[in-house]
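Peer 1: This one is structure-v7.pdb, PDB, C-alpha atoms.
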ATOM      1  CA  MET A   1       5.318 125.780 162.827
ATOM      2  CA  ALA A   2       4.581 124.316 159.399
ATOM      3  CA  GLN A   3       1.300 122.799 158.370
ATOM      4  CA  VAL A   4       1.429 119.027 157.883
ATOM      5  CA  GLU A   5      -0.904 117.269 155.439
ATOM      6  CA  ALA A   6      -1.766 113.619 154.812
ATOM      7  CA  THR A   7      -4.021 112.551 151.929
ATOM      8  CA  THR A   8      -5.189 109.232 150.562
ATOM      9  CA  GLU A   9      -8.012 108.110 148.287
ATOM     10  CA  ARG A  10      -9.771 104.999 147.043
ATOM     11  CA  ILE A  11     -12.192 104.107 144.277
ATOM     12  CA  ILE A  12     -15.084 102.153 145.820
ATOM     13  CA  ALA A  13     -17.527 100.007 143.846
ATOM     14  CA  ALA A  14     -20.628 101.645 145.308
ATOM     15  CA  ASP A  15     -22.447 104.856 144.469
ATOM     16  CA  ALA A  16     -21.333 108.079 146.157
ATOM     17  CA  GLU A  17     -24.485 108.442 148.265
ATOM     18  CA  THR A  18     -24.052 104.947 149.747
ATOM     19  CA  VAL A  19     -20.380 105.574 150.560
ATOM     20  CA  PHE A  20     -21.058 109.015 152.048
ATOM     21  CA  ASP A  21     -23.963 107.724 154.162
ATOM     22  CA  ALA A  22     -21.743 104.936 155.521
ATOM     23  CA  LEU A  23     -18.961 107.403 156.424
ATOM     24  CA  ALA A  24     -21.454 109.762 158.071
ATOM     25  CA  ASP A  25     -22.964 106.916 160.139
ATOM     26  CA  TYR A  26     -20.803 107.439 163.224
ATOM     27  CA  SER A  27     -23.130 105.417 165.456
ATOM     28  CA  GLY A  28     -23.058 102.358 163.168
ATOM     29  CA  THR A  29     -20.886 101.817 160.114
ATOM     30  CA  ARG A  30     -17.980 104.085 161.107
ATOM     31  CA  ALA A  31     -17.303 102.117 164.293
ATOM     32  CA  LYS A  32     -17.247  98.872 162.255
ATOM     33  CA  VAL A  33     -14.696 100.092 159.698
ATOM     34  CA  LEU A  34     -12.108 101.610 162.041
ATOM     35  CA  PRO A  35      -8.757  99.792 161.923
ATOM     36  CA  GLU A  36      -6.923  98.712 165.090
ATOM     37  CA  HIS A  37      -5.230 102.143 165.370
ATOM     38  CA  PHE A  38      -8.455 103.544 166.847
ATOM     39  CA  SER A  39      -9.584 102.833 170.411
ATOM     40  CA  GLU A  40     -12.034 104.169 173.011
ATOM     41  CA  TYR A  41     -14.484 105.065 170.216
ATOM     42  CA  GLU A  42     -17.565 106.854 171.550
ATOM     43  CA  VAL A  43     -20.302 108.948 169.943
ATOM     44  CA  ARG A  44     -21.088 111.692 172.455
ATOM     45  CA  GLU A  45     -23.667 113.684 170.484
ATOM     46  CA  GLY A  46     -25.643 113.018 167.323
ATOM     47  CA  GLY A  47     -24.283 110.065 165.391
ATOM     48  CA  ASP A  48     -25.224 110.830 161.798
ATOM     49  CA  GLY A  49     -23.123 113.463 160.022
ATOM     50  CA  GLU A  50     -23.567 117.154 160.841
ATOM     51  CA  GLY A  51     -23.728 117.864 164.571
ATOM     52  CA  THR A  52     -21.986 114.655 165.644
ATOM     53  CA  LEU A  53     -19.432 114.828 168.426
ATOM     54  CA  VAL A  54     -17.243 111.728 168.479
ATOM     55  CA  HIS A  55     -14.254 110.679 170.583
ATOM     56  CA  TRP A  56     -11.445 108.214 169.893
ATOM     57  CA  LYS A  57      -7.800 107.637 170.594
ATOM     58  CA  LEU A  58      -5.608 107.319 167.527
ATOM     59  CA  GLN A  59      -2.448 105.233 167.961
ATOM     60  CA  ALA A  60      -0.307 106.718 165.203
ATOM     61  CA  THR A  61       2.879 104.905 166.275
ATOM     62  CA  SER A  62       3.855 102.622 169.152
ATOM     63  CA  LYS A  63       4.644 105.725 171.235
ATOM     64  CA  ARG A  64       2.294 108.354 169.781
ATOM     65  CA  VAL A  65      -1.363 108.317 170.854
ATOM     66  CA  ARG A  66      -3.595 111.251 169.981
ATOM     67  CA  ASP A  67      -6.750 111.822 172.084
ATOM     68  CA  CYS A  68      -9.323 113.160 169.601
ATOM     69  CA  LEU A  69     -12.659 114.845 170.268
ATOM     70  CA  LEU A  70     -14.139 115.674 166.873
ATOM     71  CA  GLU A  71     -16.962 117.990 165.850
ATOM     72  CA  VAL A  72     -18.494 116.947 162.541
ATOM     73  CA  THR A  73     -19.865 119.359 159.937
ATOM     74  CA  GLU A  74     -21.102 118.912 156.367
ATOM     75  CA  PRO A  75     -20.075 122.144 154.601
ATOM     76  CA  THR A  76     -21.075 120.871 151.133
ATOM     77  CA  ASP A  77     -22.787 117.835 149.614
ATOM     78  CA  GLY A  78     -20.539 114.790 149.784
ATOM     79  CA  GLN A  79     -18.180 116.303 152.338
ATOM     80  CA  LEU A  80     -17.652 115.623 156.049
ATOM     81  CA  VAL A  81     -15.262 117.751 158.095
ATOM     82  CA  GLU A  82     -13.994 116.543 161.476
ATOM     83  CA  LYS A  83     -12.404 119.282 163.624
ATOM     84  CA  ASP A  84     -10.481 118.070 166.654
ATOM     85  CA  ARG A  85     -11.216 120.110 169.787
ATOM     86  CA  ASN A  86      -7.970 118.817 171.339
ATOM     87  CA  SER A  87      -5.582 119.892 168.572
ATOM     88  CA  SER A  88      -5.286 121.786 165.286
ATOM     89  CA  MET A  89      -6.130 118.653 163.257
ATOM     90  CA  VAL A  90      -8.905 118.919 160.672
ATOM     91  CA  THR A  91      -9.862 115.873 158.603
ATOM     92  CA  THR A  92     -11.963 116.269 155.462
ATOM     93  CA  TRP A  93     -13.728 113.343 153.784
ATOM     94  CA  THR A  94     -14.931 113.993 150.241
ATOM     95  CA  VAL A  95     -17.000 111.458 148.279
ATOM     96  CA  THR A  96     -17.706 112.040 144.578
ATOM     97  CA  PRO A  97     -19.074 109.886 141.752
ATOM     98  CA  ALA A  98     -16.384 108.045 139.753
ATOM     99  CA  GLY A  99     -18.298 106.409 136.932
ATOM    100  CA  GLU A 100     -21.145 103.923 136.814
ATOM    101  CA  GLY A 101     -21.780 102.556 140.317
ATOM    102  CA  LYS A 102     -18.440 103.785 141.646
ATOM    103  CA  SER A 103     -17.244 106.603 143.854
ATOM    104  CA  ARG A 104     -13.979 108.232 144.858
ATOM    105  CA  ALA A 105     -13.425 108.708 148.583
ATOM    106  CA  VAL A 106     -10.648 111.158 149.481
ATOM    107  CA  VAL A 107      -9.507 111.846 153.038
ATOM    108  CA  THR A 108      -7.160 114.703 153.915
ATOM    109  CA  SER A 109      -5.910 115.614 157.392
ATOM    110  CA  VAL A 110      -4.047 118.831 158.109
ATOM    111  CA  TRP A 111      -2.546 120.086 161.350
ATOM    112  CA  ASN A 112       0.067 122.485 162.673
ATOM    113  CA  GLY A 113       3.298 120.540 163.019
ATOM    114  CA  ALA A 114       6.001 120.948 165.618
ATOM    115  CA  GLY A 115       9.063 123.078 165.017
ATOM    116  CA  GLY A 116      12.710 122.091 165.005
ATOM    117  CA  VAL A 117      14.081 118.588 164.526
ATOM    118  CA  GLY A 118      10.894 116.953 165.870
ATOM    119  CA  GLY A 119       8.896 118.923 163.338
ATOM    120  CA  PHE A 120      11.154 117.746 160.526
ATOM    121  CA  PHE A 121      10.499 114.106 161.454
ATOM    122  CA  GLU A 122       6.776 114.789 161.865
ATOM    123  CA  ARG A 123       6.535 116.388 158.404
ATOM    124  CA  THR A 124       8.582 113.543 156.908
ATOM    125  CA  PHE A 125       6.954 110.480 158.482
ATOM    126  CA  ALA A 126       3.528 111.403 159.915
ATOM    127  CA  PRO A 127       1.775 111.926 156.542
ATOM    128  CA  LYS A 128       2.812 108.463 155.311
ATOM    129  CA  GLY A 129       1.792 106.797 158.567
ATOM    130  CA  LEU A 130      -1.577 108.539 158.729
ATOM    131  CA  ALA A 131      -2.223 107.781 155.044
ATOM    132  CA  ARG A 132      -1.616 104.064 155.782
ATOM    133  CA  ILE A 133      -4.134 104.206 158.645
ATOM    134  CA  TYR A 134      -6.754 105.874 156.441
ATOM    135  CA  ASP A 135      -5.979 103.431 153.588
ATOM    136  CA  ALA A 136      -6.906 100.626 155.988
ATOM    137  CA  LEU A 137     -10.106 102.435 156.996
ATOM    138  CA  LEU A 138     -11.094 102.998 153.352
ATOM    139  CA  ALA A 139     -10.412  99.321 152.550
ATOM    140  CA  LYS A 140     -12.711  98.237 155.386
ATOM    141  CA  LEU A 141     -15.308 100.789 154.250
ATOM    142  CA  ALA A 142     -15.152  99.382 150.718
ATOM    143  CA  ASP A 143     -15.618  95.849 152.077
ATOM    144  CA  GLU A 144     -18.665  97.059 154.026
ATOM    145  CA  VAL A 145     -20.468  98.953 151.223
ATOM    146  CA  GLU A 146     -19.550  96.656 148.327
ATOM    147  CA  LYS A 147     -21.444  93.708 149.894
TER     148      LYS A 147
END
Show the structure stored in the file as structure tokens.
Peer 2:
Amino acid sequence: MAQVEATTERIIAADAETVFDALADYSGTRAKVLPEHFSEYEVREGGDGEGTLVHWKLQATSKRVRDCLLEVTEPTDGQLVEKDRNSSMVTTWTVTPAGEGKSRAVVTSVWNGAGGVGGFFERTFAPKGLARIYDALLAKLADEVEK
């Protein structure tokens, strides 16, 4: 069982604190910036960063839907970590300054992939697909915070 990783990033024309606060706002901004791949979004505990428990279904492909129940932690400044209780998936959001009035938002998801032929296809195609989904989320986030 190999580990699978998907990463994408975006420079956003807003300071790092603004971008991080928007990402950590699970009860407000986060719900607004989710692309159509996410459904059944529900904050079950908390709603602002550390201590949040959030649920959604992620439609990765037409046939693949992942039921996610995520515990949110903030291990360091500018970093959110979402650990899925229903799988091995861990998603890390890191927001850092990137010059005057700009920030870099990086999202990385890792999980234990399947073995065999199915695992080969997962390692080959899933990272690109998930990166496209998170690209769309980061674009909507940028639209929201750059207003």
Peer 1: Given the file above and the PyMOL selection byres ((chain A and resi 106) around 10), which residues are selected, and can you give them as JSON, numbers by chain?
Peer 2: {"A": [7, 8, 9, 10, 11, 79, 92, 93, 94, 95, 96, 103, 104, 105, 107, 108, 134, 135, 138]}
Peer 1: Distance atom CA of A:Thr76-atom CA of A:Asp25, one decimal place?
Peer 2: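 Computing the Euclidean distance for atom CA of A:Thr76 and atom CA of A:Asp25 yields 16.7 Å.
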Peer 1: Please enumerate the residues selected by the PyMOL selection byres ((chain A and resi 133) around 12) when evaluated against the supplied file, formatted as number ranges by chain.
Peer 2: A: 6-9, 33-38, 58-61, 107-109, 126-132, 134-140
Peer 1: To one decimal place in Å, what is the distance between atom CA of A:Gly51 and atom CA of A:Val72?
Peer 2: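 Distance between the two atoms: 5.7 Å.
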Peer 1: Take the PyMOL selection byres ((chain A and resi 110-119) around 6), run it mentally on this structure, and tell me the resulting residues as a tab-separated table (two decimals) with C-alpha atoms, keeping the file's coordinate frame.
Peer 2:
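Now in out_37.tsv:
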chain	number	residue	atom	x	y	z
A	1	MET	CA	5.32	125.78	162.83
A	2	ALA	CA	4.58	124.32	159.40
A	3	GLN	CA	1.30	122.80	158.37
A	4	VAL	CA	1.43	119.03	157.88
A	5	GLU	CA	-0.90	117.27	155.44
A	88	SER	CA	-5.29	121.79	165.29
A	89	MET	CA	-6.13	118.65	163.26
A	90	VAL	CA	-8.90	118.92	160.67
A	109	SER	CA	-5.91	115.61	157.39
A	120	PHE	CA	11.15	117.75	160.53
A	121	PHE	CA	10.50	114.11	161.45
A	122	GLU	CA	6.78	114.79	161.86
Peer 1: Kindly indicate which residue among A:Asp143, A:Pro75, A:Ala98, A:Phe125 lies nearest to A:Lys32, using all atoms listed in the file for the distances.
Peer 2: A:Asp143
Peer 1: Tell me which of A:Arg30, A:Arg85, A:Arg66, A:Lys147 sits closest to A:Gly49, counting all atoms listed in the file.
Peer 2: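 Nearest to A:Gly49: A:Arg30.
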Peer 1: For stretch 95-114 of chain A, which lacks atoms in the input, supply N, CA, C and O atoms and format the output as an mmCIF file, keeping the file's coordinate frame.
Peer 2:
data_model
loop_
_atom_site.group_PDB
_atom_site.id
_atom_site.type_symbol
_atom_site.label_atom_id
_atom_site.label_comp_id
_atom_site.auth_asym_id
_atom_site.auth_seq_id
_atom_site.Cartn_x
_atom_site.Cartn_y
_atom_site.Cartn_z
ATOM 1 N N VAL A 95 -16.545 112.600 149.083
ATOM 2 C CA VAL A 95 -17.000 111.458 148.279
ATOM 3 C C VAL A 95 -17.667 112.011 147.028
ATOM 4 O O VAL A 95 -18.599 112.814 147.118
ATOM 5 N N THR A 96 -17.167 111.583 145.861
ATOM 6 C CA THR A 96 -17.706 112.040 144.578
ATOM 7 C C THR A 96 -17.937 110.837 143.665
ATOM 8 O O THR A 96 -17.279 109.809 143.812
ATOM 9 N N PRO A 97 -18.868 110.966 142.714
ATOM 10 C CA PRO A 97 -19.074 109.886 141.752
ATOM 11 C C PRO A 97 -17.803 109.656 140.925
ATOM 12 O O PRO A 97 -17.066 110.593 140.645
ATOM 13 N N ALA A 98 -17.569 108.382 140.548
ATOM 14 C CA ALA A 98 -16.384 108.045 139.753
ATOM 15 C C ALA A 98 -16.768 107.023 138.685
ATOM 16 O O ALA A 98 -16.130 105.993 138.541
ATOM 17 N N GLY A 99 -17.839 107.330 137.963
ATOM 18 C CA GLY A 99 -18.298 106.409 136.932
ATOM 19 C C GLY A 99 -19.482 105.585 137.404
ATOM 20 O O GLY A 99 -19.930 105.713 138.542
ATOM 21 N N GLU A 100 -19.960 104.734 136.551
ATOM 22 C CA GLU A 100 -21.145 103.923 136.814
ATOM 23 C C GLU A 100 -20.994 103.057 138.068
ATOM 24 O O GLU A 100 -20.153 102.156 138.106
ATOM 25 N N GLY A 101 -21.781 103.365 139.107
ATOM 26 C CA GLY A 101 -21.780 102.556 140.317
ATOM 27 C C GLY A 101 -20.508 102.615 141.134
ATOM 28 O O GLY A 101 -20.262 101.757 141.972
ATOM 29 N N LYS A 102 -19.695 103.651 140.904
ATOM 30 C CA LYS A 102 -18.440 103.785 141.646
ATOM 31 C C LYS A 102 -18.335 105.183 142.249
ATOM 32 O O LYS A 102 -18.971 106.122 141.773
ATOM 33 N N SER A 103 -17.496 105.294 143.258
ATOM 34 C CA SER A 103 -17.244 106.603 143.854
ATOM 35 C C SER A 103 -15.782 106.705 144.248
ATOM 36 O O SER A 103 -15.083 105.703 144.402
ATOM 37 N N ARG A 104 -15.337 107.938 144.392
ATOM 38 C CA ARG A 104 -13.979 108.232 144.858
ATOM 39 C C ARG A 104 -14.115 108.821 146.256
ATOM 40 O O ARG A 104 -14.801 109.825 146.446
ATOM 41 N N ALA A 105 -13.459 108.190 147.213
ATOM 42 C CA ALA A 105 -13.425 108.708 148.583
ATOM 43 C C ALA A 105 -12.022 109.237 148.831
ATOM 44 O O ALA A 105 -11.036 108.510 148.661
ATOM 45 N N VAL A 106 -11.935 110.509 149.200
ATOM 46 C CA VAL A 106 -10.648 111.158 149.481
ATOM 47 C C VAL A 106 -10.677 111.640 150.926
ATOM 48 O O VAL A 106 -11.644 112.268 151.357
ATOM 49 N N VAL A 107 -9.623 111.358 151.661
ATOM 50 C CA VAL A 107 -9.507 111.846 153.038
ATOM 51 C C VAL A 107 -8.202 112.621 153.157
ATOM 52 O O VAL A 107 -7.144 112.164 152.726
ATOM 53 N N THR A 108 -8.312 113.832 153.711
ATOM 54 C CA THR A 108 -7.160 114.703 153.915
ATOM 55 C C THR A 108 -7.172 115.220 155.350
ATOM 56 O O THR A 108 -8.197 115.743 155.806
ATOM 57 N N SER A 109 -6.069 115.055 156.049
ATOM 58 C CA SER A 109 -5.910 115.614 157.392
ATOM 59 C C SER A 109 -4.808 116.656 157.347
ATOM 60 O O SER A 109 -3.760 116.425 156.736
ATOM 61 N N VAL A 110 -5.055 117.779 157.981
ATOM 62 C CA VAL A 110 -4.047 118.831 158.109
ATOM 63 C C VAL A 110 -3.949 119.250 159.571
ATOM 64 O O VAL A 110 -4.944 119.217 160.296
ATOM 65 N N TRP A 111 -2.750 119.608 159.991
ATOM 66 C CA TRP A 111 -2.546 120.086 161.350
ATOM 67 C C TRP A 111 -1.281 120.908 161.401
ATOM 68 O O TRP A 111 -0.459 120.846 160.495
ATOM 69 N N ASN A 112 -1.134 121.689 162.468
ATOM 70 C CA ASN A 112 0.067 122.485 162.673
ATOM 71 C C ASN A 112 1.138 121.603 163.283
ATOM 72 O O ASN A 112 0.971 121.081 164.385
ATOM 73 N N GLY A 113 2.218 121.409 162.563
ATOM 74 C CA GLY A 113 3.298 120.540 163.019
ATOM 75 C C GLY A 113 4.215 121.231 164.009
ATOM 76 O O GLY A 113 4.196 122.454 164.166
ATOM 77 N N ALA A 114 5.020 120.436 164.661
ATOM 78 C CA ALA A 114 6.001 120.948 165.618
ATOM 79 C C ALA A 114 7.131 121.652 164.871
ATOM 80 O O ALA A 114 7.306 121.466 163.665
#
